[in-house]
$ cat data.txt   # compact mmCIF, C-alpha atoms and all ligand atoms
# COMPACT_ATOMS: atom_id res chain seq x y z
CA MET A 1 0.00 0.00 0.00
CA THR A 2 1.20 3.53 -0.81
CA ALA A 3 -0.29 6.39 1.16
CA GLY A 4 0.42 10.06 1.58
CA GLY A 5 -0.65 13.74 1.88
CA GLY A 6 0.60 17.40 1.61
CA GLY A 7 0.25 20.47 -0.88
CA SER A 8 -2.75 22.68 -1.83
CA ALA A 9 -3.87 23.21 -5.47
CA VAL A 10 -5.30 20.05 -6.96
CA ALA A 11 -6.11 21.16 -10.50
CA GLY A 12 -3.73 20.86 -13.47
CA GLY A 13 -0.94 18.32 -13.81
CA PRO A 14 0.29 16.44 -16.86
CA ALA A 15 -2.31 15.32 -19.40
CA LEU A 16 -1.12 11.71 -19.58
CA HIS A 17 -4.63 10.43 -20.17
CA ILE A 18 -7.67 12.49 -21.19
CA PRO A 19 -10.47 11.46 -18.82
CA VAL A 20 -13.64 10.32 -20.56
CA LEU A 21 -17.05 11.49 -19.26
CA GLY A 22 -15.20 13.04 -16.32
CA ARG A 23 -17.67 15.86 -15.80
CA PRO A 24 -20.89 13.76 -15.61
CA ALA A 25 -19.09 11.11 -13.55
CA VAL A 26 -18.17 13.65 -10.89
CA GLU A 27 -21.58 15.36 -11.11
CA PHE A 28 -23.28 12.03 -10.38
CA LEU A 29 -20.98 11.49 -7.40
CA GLN A 30 -22.07 14.87 -5.97
CA PRO A 31 -18.88 15.37 -3.93
CA ARG A 32 -19.56 17.22 -0.68
CA ASP A 33 -17.30 18.77 1.93
CA GLY A 34 -16.12 16.10 4.33
CA GLY A 35 -17.20 13.26 2.00
CA ILE A 36 -15.06 10.17 1.34
CA TYR A 37 -14.80 8.92 -2.25
CA ILE A 38 -13.12 5.91 -3.80
CA ASP A 39 -11.65 6.35 -7.28
CA GLY A 40 -11.10 2.68 -8.08
CA THR A 41 -9.27 3.42 -11.36
CA PHE A 42 -6.91 6.26 -10.49
CA GLY A 43 -4.96 6.15 -13.80
CA ALA A 44 -3.58 9.63 -14.47
CA GLY A 45 -5.75 11.03 -11.68
CA GLY A 46 -8.20 12.99 -13.86
CA TYR A 47 -11.33 11.94 -11.96
CA THR A 48 -9.58 12.24 -8.59
CA ARG A 49 -8.46 15.80 -9.37
CA ALA A 50 -12.02 16.75 -10.26
CA ILE A 51 -13.47 15.20 -7.08
CA LEU A 52 -10.91 16.98 -4.91
CA ALA A 53 -11.59 20.26 -6.71
CA ALA A 54 -15.39 19.94 -6.41
CA ALA A 55 -15.49 19.88 -2.60
CA HIS A 56 -13.27 19.67 0.46
CA SER A 57 -13.52 15.90 0.18
CA ARG A 58 -11.12 12.99 0.65
CA VAL A 59 -10.26 10.44 -2.03
CA ILE A 60 -8.89 6.95 -1.83
CA GLY A 61 -7.34 6.34 -5.26
CA ILE A 62 -6.76 2.73 -6.26
CA ASP A 63 -4.87 1.38 -9.25
CA ARG A 64 -3.32 -2.03 -9.84
CA ASP A 65 -0.66 -0.39 -12.00
CA GLN A 66 2.40 0.58 -10.00
CA THR A 67 3.34 3.22 -12.62
CA ALA A 68 0.03 5.05 -12.18
CA ILE A 69 0.46 5.10 -8.41
CA ALA A 70 4.04 6.35 -8.66
CA LEU A 71 3.02 9.15 -11.09
CA GLY A 72 0.29 10.17 -8.63
CA ALA A 73 2.83 11.12 -5.95
CA ASN A 74 2.73 14.81 -6.98
CA LEU A 75 -1.02 14.92 -6.68
CA VAL A 76 -0.84 13.29 -3.25
CA GLU A 77 1.48 16.08 -2.21
CA GLN A 78 -0.72 18.81 -3.67
CA ALA A 79 -3.83 17.39 -2.01
CA LYS A 80 -2.57 18.10 1.52
CA GLY A 81 -3.62 14.87 3.18
CA ARG A 82 -6.91 14.56 1.25
CA LEU A 83 -5.66 11.85 -1.12
CA THR A 84 -4.46 8.35 -0.29
CA LEU A 85 -3.17 6.20 -3.14
CA VAL A 86 -3.21 2.44 -2.93
CA GLU A 87 -1.65 -0.03 -5.38
CA ASP A 88 -4.19 -2.83 -5.46
CA ARG A 89 -7.10 -4.26 -7.44
CA PHE A 90 -10.45 -2.48 -7.18
CA SER A 91 -12.18 -5.77 -6.35
CA ASN A 92 -10.69 -5.17 -2.85
CA LEU A 93 -12.09 -1.67 -2.56
CA ASP A 94 -14.14 -2.24 0.60
CA ALA A 95 -11.24 -3.89 2.44
CA ILE A 96 -8.94 -1.07 1.27
CA ALA A 97 -11.33 1.61 2.58
CA ARG A 98 -11.48 -0.12 5.97
CA GLU A 99 -7.72 -0.42 6.09
CA VAL A 100 -7.41 3.30 5.37
CA GLY A 101 -9.86 3.89 8.26
CA TYR A 102 -13.36 4.20 6.77
CA ASP A 103 -16.23 1.77 7.41
CA THR A 104 -18.46 3.53 4.87
CA VAL A 105 -17.85 5.88 1.96
CA ASP A 106 -19.96 8.46 0.11
CA GLY A 107 -19.11 7.45 -3.41
CA VAL A 108 -17.32 4.94 -5.62
CA VAL A 109 -16.32 5.62 -9.21
CA LEU A 110 -14.86 3.16 -11.75
CA ASP A 111 -13.58 4.28 -15.16
CA LEU A 112 -12.87 0.88 -16.65
CA GLY A 113 -10.26 -0.43 -19.05
CA VAL A 114 -6.74 0.70 -19.84
CA SER A 115 -5.32 4.21 -19.77
CA SER A 116 -3.54 5.96 -22.64
CA MET A 117 -0.39 5.71 -20.51
CA GLN A 118 -0.68 1.92 -20.70
CA LEU A 119 -1.75 1.71 -24.35
CA ASP A 120 0.95 4.05 -25.60
CA ARG A 121 3.89 2.24 -23.99
CA ALA A 122 5.19 -0.42 -26.38
CA GLU A 123 6.79 -2.35 -23.51
CA ARG A 124 3.37 -3.01 -21.91
CA GLY A 125 2.31 -5.02 -24.97
CA PHE A 126 -1.30 -3.71 -25.08
CA SER A 127 -1.16 -2.18 -28.53
CA PHE A 128 -1.19 -3.99 -31.87
CA ARG A 129 0.17 -0.76 -33.40
CA LEU A 130 3.40 -0.88 -31.40
CA ASP A 131 6.03 -3.57 -31.08
CA GLY A 132 6.79 -4.77 -27.58
CA PRO A 133 6.79 -7.89 -25.43
CA LEU A 134 3.36 -9.51 -25.42
CA ASP A 135 2.63 -8.77 -21.76
CA MET A 136 -0.74 -6.95 -21.32
CA ARG A 137 -0.74 -7.15 -17.52
CA MET A 138 -2.06 -3.97 -15.90
CA GLY A 139 -0.42 -4.87 -12.60
CA GLY A 140 2.77 -6.65 -11.74
CA GLU A 141 1.19 -9.98 -10.82
CA GLY A 142 -0.23 -12.88 -12.82
CA HIS A 143 0.61 -14.32 -16.22
CA SER A 144 1.35 -12.49 -19.46
CA ALA A 145 -0.58 -12.75 -22.72
CA ALA A 146 2.48 -14.48 -24.24
CA GLU A 147 2.19 -17.24 -21.58
CA VAL A 148 -1.52 -17.67 -22.33
CA ILE A 149 -0.87 -17.82 -26.09
CA ALA A 150 1.97 -20.31 -25.58
CA ALA A 151 -0.02 -22.74 -23.44
CA ALA A 152 -3.70 -22.53 -24.40
CA SER A 153 -5.42 -25.21 -26.44
CA GLU A 154 -6.90 -24.16 -29.78
CA ARG A 155 -10.39 -24.55 -28.40
CA ASP A 156 -9.75 -22.43 -25.28
CA LEU A 157 -8.14 -19.71 -27.39
CA ALA A 158 -11.07 -19.65 -29.77
CA ASP A 159 -13.56 -19.51 -26.89
CA ILE A 160 -11.70 -16.65 -25.19
CA ILE A 161 -11.38 -14.65 -28.41
CA PHE A 162 -15.04 -15.22 -29.23
CA ALA A 163 -16.45 -14.47 -25.76
CA LEU A 164 -14.21 -11.56 -24.75
CA GLY A 165 -13.41 -10.08 -28.15
CA GLU A 166 -16.76 -10.81 -29.82
CA GLU A 167 -14.62 -11.89 -32.81
CA ARG A 168 -16.67 -13.79 -35.41
CA HIS A 169 -13.51 -15.31 -36.87
CA SER A 170 -12.27 -16.60 -33.51
CA ARG A 171 -11.75 -20.16 -34.75
CA ALA A 172 -9.64 -19.02 -37.71
CA VAL A 173 -7.59 -16.76 -35.41
CA ALA A 174 -7.01 -19.59 -32.90
CA ARG A 175 -5.98 -21.94 -35.72
CA ALA A 176 -3.50 -19.37 -37.09
CA ILE A 177 -2.00 -18.84 -33.61
CA ILE A 178 -1.55 -22.57 -33.01
CA LYS A 179 0.06 -23.00 -36.44
CA ALA A 180 2.42 -20.04 -35.95
CA ARG A 181 3.49 -21.06 -32.46
CA SER A 182 4.45 -24.54 -33.67
CA SER A 183 7.34 -22.93 -35.61
CA ALA A 184 8.34 -20.16 -33.15
CA PRO A 185 7.04 -18.77 -29.84
CA ILE A 186 4.77 -15.70 -30.23
CA GLU A 187 6.40 -13.18 -27.94
CA THR A 188 5.70 -9.72 -29.32
CA SER A 189 2.63 -7.62 -29.98
CA ARG A 190 3.70 -7.08 -33.59
CA ALA A 191 4.05 -10.83 -34.21
CA LEU A 192 0.59 -11.53 -32.80
CA ALA A 193 -0.98 -8.64 -34.76
CA GLU A 194 0.47 -10.02 -38.00
CA ILE A 195 -0.74 -13.57 -37.29
CA VAL A 196 -4.27 -12.30 -36.55
CA ALA A 197 -4.27 -10.06 -39.63
CA SER A 198 -3.40 -13.12 -41.74
CA ALA A 199 -6.53 -14.89 -40.46
CA VAL A 200 -9.07 -12.04 -40.44
CA ARG A 201 -9.76 -10.31 -43.70
CA SER A 202 -10.52 -6.61 -43.38
CA ARG A 203 -11.66 -3.91 -45.75
CA PRO A 204 -10.50 -0.30 -45.86
CA GLY A 205 -12.27 1.62 -43.11
CA ASP A 206 -12.66 -1.43 -40.86
CA ILE A 207 -11.08 -1.46 -37.42
CA HIS A 208 -7.65 -3.10 -37.32
CA PRO A 209 -8.19 -6.88 -37.66
CA ALA A 210 -6.31 -7.53 -34.40
CA THR A 211 -8.47 -5.15 -32.31
CA ARG A 212 -10.87 -7.80 -31.03
CA THR A 213 -8.24 -10.45 -30.34
CA PHE A 214 -6.10 -7.99 -28.37
CA GLN A 215 -9.16 -6.87 -26.38
CA ALA A 216 -10.03 -10.48 -25.56
CA LEU A 217 -6.53 -11.38 -24.37
CA ARG A 218 -6.23 -8.22 -22.28
CA ILE A 219 -9.56 -8.85 -20.58
CA PHE A 220 -8.67 -12.49 -19.94
CA VAL A 221 -5.13 -11.87 -18.65
CA ASN A 222 -6.39 -9.22 -16.19
CA ASP A 223 -9.65 -11.00 -15.31
CA GLU A 224 -11.32 -7.66 -16.02
CA LEU A 225 -14.90 -8.92 -15.95
CA GLY A 226 -14.42 -10.91 -12.73
CA GLU A 227 -12.82 -7.82 -11.17
CA LEU A 228 -15.84 -5.74 -12.18
CA VAL A 229 -18.43 -8.14 -10.75
CA THR A 230 -16.55 -8.39 -7.44
CA ALA A 231 -16.06 -4.61 -7.28
CA LEU A 232 -19.77 -3.90 -7.77
CA GLN A 233 -20.55 -6.12 -4.78
CA ALA A 234 -17.75 -4.51 -2.74
CA ALA A 235 -19.22 -1.09 -3.53
CA GLU A 236 -22.63 -2.29 -2.36
CA ARG A 237 -21.03 -3.29 0.97
CA ILE A 238 -19.04 -0.10 1.61
CA LEU A 239 -21.40 2.65 0.36
CA ARG A 240 -23.43 4.43 3.02
CA SER A 241 -27.14 4.91 2.44
CA GLY A 242 -27.38 7.76 -0.09
CA GLY A 243 -23.83 7.07 -1.33
CA ARG A 244 -23.35 6.82 -5.08
CA LEU A 245 -21.81 4.31 -7.47
CA VAL A 246 -20.76 5.54 -10.91
CA VAL A 247 -19.32 3.24 -13.58
CA VAL A 248 -17.95 4.20 -17.00
CA SER A 249 -17.50 1.25 -19.35
CA PHE A 250 -16.00 0.99 -22.83
CA HIS A 251 -17.45 -2.12 -24.42
CA SER A 252 -20.66 -4.08 -24.39
CA LEU A 253 -19.34 -6.88 -22.15
CA GLU A 254 -18.62 -4.46 -19.32
CA ASP A 255 -21.76 -2.42 -19.85
CA ARG A 256 -23.94 -5.54 -19.85
CA ILE A 257 -22.55 -6.52 -16.44
CA VAL A 258 -23.15 -3.07 -14.95
CA LYS A 259 -26.63 -2.89 -16.46
CA SER A 260 -27.59 -6.37 -15.21
CA PHE A 261 -26.18 -5.74 -11.73
CA PHE A 262 -28.10 -2.47 -11.43
CA ALA A 263 -31.26 -4.13 -12.76
CA ASP A 264 -30.86 -6.93 -10.20
CA ARG A 265 -30.27 -4.55 -7.29
CA GLY A 266 -32.28 -1.54 -8.34
CA GLU A 267 -35.42 -2.45 -10.22
CA THR A 268 -38.66 -3.94 -9.10
CA ARG A 269 -39.41 -6.49 -11.74
CA GLY A 270 -42.95 -6.26 -13.17
CA GLY A 271 -45.14 -9.27 -12.39
CA SER A 272 -48.87 -9.26 -13.05
CA ARG A 273 -51.32 -7.49 -10.75
CA HIS A 274 -53.42 -10.67 -10.92
CA ALA A 275 -50.60 -13.11 -10.08
CA PRO A 276 -50.21 -14.23 -6.47
CA GLU A 277 -48.00 -11.88 -4.44
CA VAL A 278 -44.35 -13.01 -4.59
CA LYS A 279 -41.71 -11.85 -2.18
CA ARG A 280 -39.32 -9.55 -4.05
CA PRO A 281 -35.71 -9.14 -2.99
CA THR A 282 -34.90 -5.85 -1.30
CA LEU A 283 -33.49 -3.12 -3.52
CA THR A 284 -30.00 -2.01 -2.51
CA PHE A 285 -29.72 0.68 -5.19
CA ARG A 286 -31.94 3.34 -6.71
CA LEU A 287 -31.05 3.82 -10.38
CA LEU A 288 -30.05 7.34 -11.43
CA THR A 289 -29.57 6.58 -15.13
CA LYS A 290 -32.41 4.80 -16.91
CA ARG A 291 -30.33 4.86 -20.06
CA PRO A 292 -26.56 5.13 -20.08
CA VAL A 293 -25.06 8.59 -20.36
CA VAL A 294 -22.80 8.86 -23.45
CA ALA A 295 -20.28 11.44 -24.62
CA ASP A 296 -21.45 14.34 -26.76
CA GLU A 297 -20.06 15.06 -30.24
CA ASP A 298 -17.72 17.67 -28.85
CA GLU A 299 -16.04 15.22 -26.46
CA ILE A 300 -15.87 12.53 -29.17
CA MET A 301 -14.17 15.05 -31.51
CA ARG A 302 -11.56 15.77 -28.85
CA ASN A 303 -11.09 12.18 -27.75
CA ALA A 304 -11.98 9.23 -29.99
CA ARG A 305 -11.94 6.90 -26.96
CA ALA A 306 -15.11 8.61 -25.73
CA ARG A 307 -17.11 7.18 -28.64
CA SER A 308 -17.82 3.86 -26.95
CA ALA A 309 -18.07 5.12 -23.35
CA LYS A 310 -21.25 4.50 -21.32
CA LEU A 311 -21.88 5.82 -17.84
CA ARG A 312 -24.33 4.28 -15.40
CA ALA A 313 -24.98 5.52 -11.88
CA ALA A 314 -27.02 4.44 -8.88
CA GLU A 315 -27.59 5.52 -5.28
CA ARG A 316 -27.31 3.12 -2.35
CA THR A 317 -30.51 2.58 -0.40
CA ASP A 318 -30.55 1.65 3.30
CA ALA A 319 -31.38 -2.02 2.52
CA PRO A 320 -28.90 -4.61 3.80
CA THR A 321 -26.29 -5.87 1.34
CA ARG A 322 -27.45 -8.82 -0.78
CA ALA A 323 -25.41 -11.95 -1.30
CA GLY A 324 -24.53 -13.27 -4.76
CA VAL A 325 -25.15 -11.97 -8.26
CA PRO A 326 -27.22 -13.30 -11.19
CA SER A 327 -25.54 -16.48 -12.44
CA ASP A 328 -25.30 -15.27 -16.05
CA LEU A 329 -23.32 -12.11 -15.27
CA LEU A 330 -20.02 -13.58 -16.49
CA PRO A 331 -19.36 -15.48 -19.75
CA ARG A 332 -18.58 -19.15 -19.19
CA LEU A 333 -14.87 -19.58 -19.83
CA PRO A 334 -12.08 -21.81 -18.52
CA SER A 335 -10.01 -20.40 -15.65
CA LEU A 336 -6.56 -18.96 -16.28
CA ALA A 337 -5.04 -21.95 -14.44
CA ASP A 338 -6.89 -24.38 -16.73
CA VAL A 339 -5.84 -22.48 -19.83
CA LEU A 340 -2.20 -22.44 -18.75
CA ARG A 341 -2.32 -26.20 -18.25
CA GLY A 342 -3.33 -26.49 -21.91
CA ARG A 343 -6.12 -28.86 -20.73
C1 LIG B 401 -9.30 4.35 -18.08
S1 LIG B 401 -8.03 4.42 -16.91
C2 LIG B 401 -8.62 5.52 -15.69
C3 LIG B 401 -8.34 6.94 -16.00
C4 LIG B 401 -8.68 7.91 -14.90
N1 LIG B 401 -10.12 7.97 -14.65
C5 LIG B 401 -8.17 9.30 -15.20
O1 LIG B 401 -8.96 10.23 -15.20
O2 LIG B 401 -6.97 9.42 -15.40
C6 LIG B 401 -8.20 2.88 -16.08
C7 LIG B 401 -7.18 2.66 -14.99
O3 LIG B 401 -7.74 1.64 -14.15
C8 LIG B 401 -6.76 0.72 -13.80
N2 LIG B 401 -7.43 -0.55 -13.54
C9 LIG B 401 -8.10 -1.31 -14.44
N3 LIG B 401 -8.60 -2.40 -13.83
C10 LIG B 401 -8.25 -2.31 -12.53
C11 LIG B 401 -8.50 -3.13 -11.39
N4 LIG B 401 -9.20 -4.25 -11.49
N5 LIG B 401 -8.03 -2.71 -10.20
C12 LIG B 401 -7.33 -1.55 -10.10
N6 LIG B 401 -7.04 -0.75 -11.14
C13 LIG B 401 -7.52 -1.11 -12.34
C14 LIG B 401 -5.81 0.68 -14.96
O4 LIG B 401 -4.53 0.26 -14.53
C15 LIG B 401 -5.84 2.13 -15.44
O5 LIG B 401 -4.81 2.86 -14.87
$ encode --input "data.txt" --output "structure tokens"
Amino acid sequence: MTAGGGGSAVAGGPALHIPVLGRPAVEFLQPRDGGIYIDGTFGAGGYTRAILAAAHSRVIGIDRDQTAIALGANLVEQAKGRLTLVEDRFSNLDAIAREVGYDTVDGVVLDLGVSSMQLDRAERGFSFRLDGPLDMRMGGEGHSAAEVIAAASERDLADIIFALGEERHSRAVARAIIKARSSAPIETSRALAEIVASAVRSRPGDIHPATRTFQALRIFVNDELGELVTALQAAERILRSGGRLVVVSFHSLEDRIVKSFFADRGETRGGSRHAPEVKRPTLTFRLLTKRPVVADEDEIMRNARARSAKLRAAERTDAPTRAGVPSDLLPRLPSLADVLRGR
């Protein structure tokens, strides 16, 4: 854990990552003087800066990426004891808040996915446009994409690429990877991008043929969907009544999870007036966004990443925390351990 304080102005700082939907995200949080907020995806600190500037609040900033936490040291200093940074996964956010000294918090915000700082560094291996080691880990722990590619069976690879990349040609991509790795290990992002491009035909104007495969591997290596499901439940546990949860997602797999979780926790499901009365589970959230909030044209012009962003927000009720989540929240896929064994 890294913690700290000191300094006064909290605006400004290097634009290492342009925050997406930062203004509505902070508006939904409604920061107030004395409030405690968790920014579960600190990144370059854009959201945190805005929360600190909006009120005399405190922020616990979490990121699994050691580089993001180290770059946040200046902001910690400027925030004069109002910002604590923690290198960890956001699935632990309730335990982290308790460890920092808070049994409840006023808001939790998650701005999912990778930051520009991660995408733009060739050595992180996230980008098919750059050449670097095929790593893709956001944090220091776990197994790299190269290890997954080296060990996975053709069937597991195809299932992962289909489920997490929504790639229609997943079987052809998996076949091409297995064939290529039988002559030489696939260890760089460029090598993988070329192998995928050889298996997926694309027309001018299409997204790069490796986009979906890279997305799938990144999500799998970092267990991004599992992290999200666990974090939503952790937020339910740590938010005080009236506290707010705001989530910005960047692809349909994430948004579907947030939408389904909010529907499960925050909507009374219909039922006929004439049917016998059934006991409905208590609602732990009140939905603030019936439809997701999306970026306007102006933001999309300034930042192409904003095009796919969707924001959903909800307010914690005073109902006790519920156990479990709907069983279909996560796609059915083999575990990382199974995949590494080559099954
Ligand atoms: C889109 S960026 C956040 C940008 C940030 N809102 C800003 O304004 O600069 C996402 C960040 O979340 C981090 N992250 C993603 N999944 C995480 C997880 N499960 N636990 C902790 N951090 C995570 C990434 O390392 C990355 O730095």
$ residues_near_ligand --input "data.txt" --ligand "ligand LIG 401 (chain B)" --cutoff "8 Å" --atoms "all atoms listed in the file" --output "NGL selection string"
:A and (16-20 or 22 or 39-48 or 62-65 or 68 or 87-91 or 110-118 or 138-139 or 222-224 or 227-228)
$ closest_residue --input "data.txt" --among "A:Lys310, A:Arg98, A:Arg212, A:His274" --to "Thr289 of chain A" --atoms "all atoms listed in the file"
A:Lys310
$ atom_distance --input "data.txt" --atom1 "atom CA of Ile69 of chain A" --atom2 "atom CA of Arg307 of chain A"
26.9 Å
$ residues_near_point --input "data.txt" --point "(-26.9, -15.9, -12.4)" --cutoff "12 Å" --atoms "all atoms listed in the file" --output "PyMOL selection string"
chain A and resi 229+257+260-261+264+323-332
$ write_last_selection --input "data.txt" --atoms "C-alpha atoms" --output "JSON list (two decimals), in the frame of the given file"
[["chain", "number", "residue", "atom", "x", "y", "z"],
["A", 229, "VAL", "CA", -18.43, -8.14, -10.75],
["A", 257, "ILE", "CA", -22.55, -6.52, -16.44],
["A", 260, "SER", "CA", -27.59, -6.37, -15.21],
["A", 261, "PHE", "CA", -26.18, -5.74, -11.73],
["A", 264, "ASP", "CA", -30.86, -6.93, -10.20],
["A", 323, "ALA", "CA", -25.41, -11.95, -1.30],
["A", 324, "GLY", "CA", -24.53, -13.27, -4.76],
["A", 325, "VAL", "CA", -25.15, -11.97, -8.26],
["A", 326, "PRO", "CA", -27.22, -13.30, -11.19],
["A", 327, "SER", "CA", -25.54, -16.48, -12.44],
["A", 328, "ASP", "CA", -25.30, -15.27, -16.05],
["A", 329, "LEU", "CA", -23.32, -12.11, -15.27],
["A", 330, "LEU", "CA", -20.02, -13.58, -16.49],
["A", 331, "PRO", "CA", -19.36, -15.48, -19.75],
["A", 332, "ARG", "CA", -18.58, -19.15, -19.19]]
$ atom_distance --input "data.txt" --atom1 "atom CA of Arg240 of chain A" --atom2 "atom CA of Ala73 of chain A"
28.5 Å
$ closest_residue --input "data.txt" --among "A:Val293, A:Leu29, A:Leu85, A:Ile300" --to "Val109 of chain A" --atoms "all atoms listed in the file"
A:Leu29
$ decode --input "data.txt" --residues "segment 96-155 of chain A" --atoms "C-alpha atoms" --output "PDB file, in the first residue's frame"
ATOM      1  CA  ILE A  96      -8.937  -1.066   1.268  1.00  0.00           C
ATOM      2  CA  ALA A  97     -11.327   1.613   2.585  1.00  0.00           C
ATOM      3  CA  ARG A  98     -11.483  -0.123   5.971  1.00  0.00           C
ATOM      4  CA  GLU A  99      -7.724  -0.424   6.085  1.00  0.00           C
ATOM      5  CA  VAL A 100      -7.412   3.301   5.374  1.00  0.00           C
ATOM      6  CA  GLY A 101      -9.859   3.894   8.260  1.00  0.00           C
ATOM      7  CA  TYR A 102     -13.365   4.201   6.770  1.00  0.00           C
ATOM      8  CA  ASP A 103     -16.235   1.767   7.408  1.00  0.00           C
ATOM      9  CA  THR A 104     -18.462   3.525   4.874  1.00  0.00           C
ATOM     10  CA  VAL A 105     -17.852   5.883   1.964  1.00  0.00           C
ATOM     11  CA  ASP A 106     -19.957   8.463   0.111  1.00  0.00           C
ATOM     12  CA  GLY A 107     -19.113   7.448  -3.414  1.00  0.00           C
ATOM     13  CA  VAL A 108     -17.316   4.945  -5.619  1.00  0.00           C
ATOM     14  CA  VAL A 109     -16.322   5.617  -9.210  1.00  0.00           C
ATOM     15  CA  LEU A 110     -14.862   3.163 -11.748  1.00  0.00           C
ATOM     16  CA  ASP A 111     -13.579   4.281 -15.157  1.00  0.00           C
ATOM     17  CA  LEU A 112     -12.870   0.880 -16.647  1.00  0.00           C
ATOM     18  CA  GLY A 113     -10.262  -0.434 -19.047  1.00  0.00           C
ATOM     19  CA  VAL A 114      -6.743   0.700 -19.840  1.00  0.00           C
ATOM     20  CA  SER A 115      -5.325   4.213 -19.770  1.00  0.00           C
ATOM     21  CA  SER A 116      -3.535   5.957 -22.638  1.00  0.00           C
ATOM     22  CA  MET A 117      -0.386   5.710 -20.505  1.00  0.00           C
ATOM     23  CA  GLN A 118      -0.679   1.922 -20.697  1.00  0.00           C
ATOM     24  CA  LEU A 119      -1.751   1.713 -24.347  1.00  0.00           C
ATOM     25  CA  ASP A 120       0.945   4.052 -25.602  1.00  0.00           C
ATOM     26  CA  ARG A 121       3.886   2.239 -23.989  1.00  0.00           C
ATOM     27  CA  ALA A 122       5.194  -0.418 -26.380  1.00  0.00           C
ATOM     28  CA  GLU A 123       6.790  -2.351 -23.514  1.00  0.00           C
ATOM     29  CA  ARG A 124       3.374  -3.012 -21.912  1.00  0.00           C
ATOM     30  CA  GLY A 125       2.307  -5.021 -24.967  1.00  0.00           C
ATOM     31  CA  PHE A 126      -1.304  -3.708 -25.076  1.00  0.00           C
ATOM     32  CA  SER A 127      -1.160  -2.184 -28.528  1.00  0.00           C
ATOM     33  CA  PHE A 128      -1.186  -3.992 -31.865  1.00  0.00           C
ATOM     34  CA  ARG A 129       0.168  -0.762 -33.404  1.00  0.00           C
ATOM     35  CA  LEU A 130       3.405  -0.883 -31.396  1.00  0.00           C
ATOM     36  CA  ASP A 131       6.025  -3.570 -31.081  1.00  0.00           C
ATOM     37  CA  GLY A 132       6.788  -4.774 -27.584  1.00  0.00           C
ATOM     38  CA  PRO A 133       6.794  -7.895 -25.432  1.00  0.00           C
ATOM     39  CA  LEU A 134       3.358  -9.508 -25.418  1.00  0.00           C
ATOM     40  CA  ASP A 135       2.635  -8.766 -21.761  1.00  0.00           C
ATOM     41  CA  MET A 136      -0.741  -6.948 -21.317  1.00  0.00           C
ATOM     42  CA  ARG A 137      -0.738  -7.151 -17.518  1.00  0.00           C
ATOM     43  CA  MET A 138      -2.057  -3.974 -15.895  1.00  0.00           C
ATOM     44  CA  GLY A 139      -0.423  -4.868 -12.599  1.00  0.00           C
ATOM     45  CA  GLY A 140       2.775  -6.648 -11.744  1.00  0.00           C
ATOM     46  CA  GLU A 141       1.185  -9.976 -10.817  1.00  0.00           C
ATOM     47  CA  GLY A 142      -0.232 -12.881 -12.817  1.00  0.00           C
ATOM     48  CA  HIS A 143       0.612 -14.318 -16.218  1.00  0.00           C
ATOM     49  CA  SER A 144       1.348 -12.493 -19.461  1.00  0.00           C
ATOM     50  CA  ALA A 145      -0.578 -12.754 -22.719  1.00  0.00           C
ATOM     51  CA  ALA A 146       2.478 -14.482 -24.237  1.00  0.00           C
ATOM     52  CA  GLU A 147       2.189 -17.238 -21.580  1.00  0.00           C
ATOM     53  CA  VAL A 148      -1.518 -17.670 -22.325  1.00  0.00           C
ATOM     54  CA  ILE A 149      -0.869 -17.822 -26.086  1.00  0.00           C
ATOM     55  CA  ALA A 150       1.965 -20.310 -25.582  1.00  0.00           C
ATOM     56  CA  ALA A 151      -0.016 -22.743 -23.437  1.00  0.00           C
ATOM     57  CA  ALA A 152      -3.702 -22.527 -24.401  1.00  0.00           C
ATOM     58  CA  SER A 153      -5.419 -25.205 -26.435  1.00  0.00           C
ATOM     59  CA  GLU A 154      -6.899 -24.160 -29.778  1.00  0.00           C
ATOM     60  CA  ARG A 155     -10.391 -24.553 -28.397  1.00  0.00           C
TER      61      ARG A 155
END
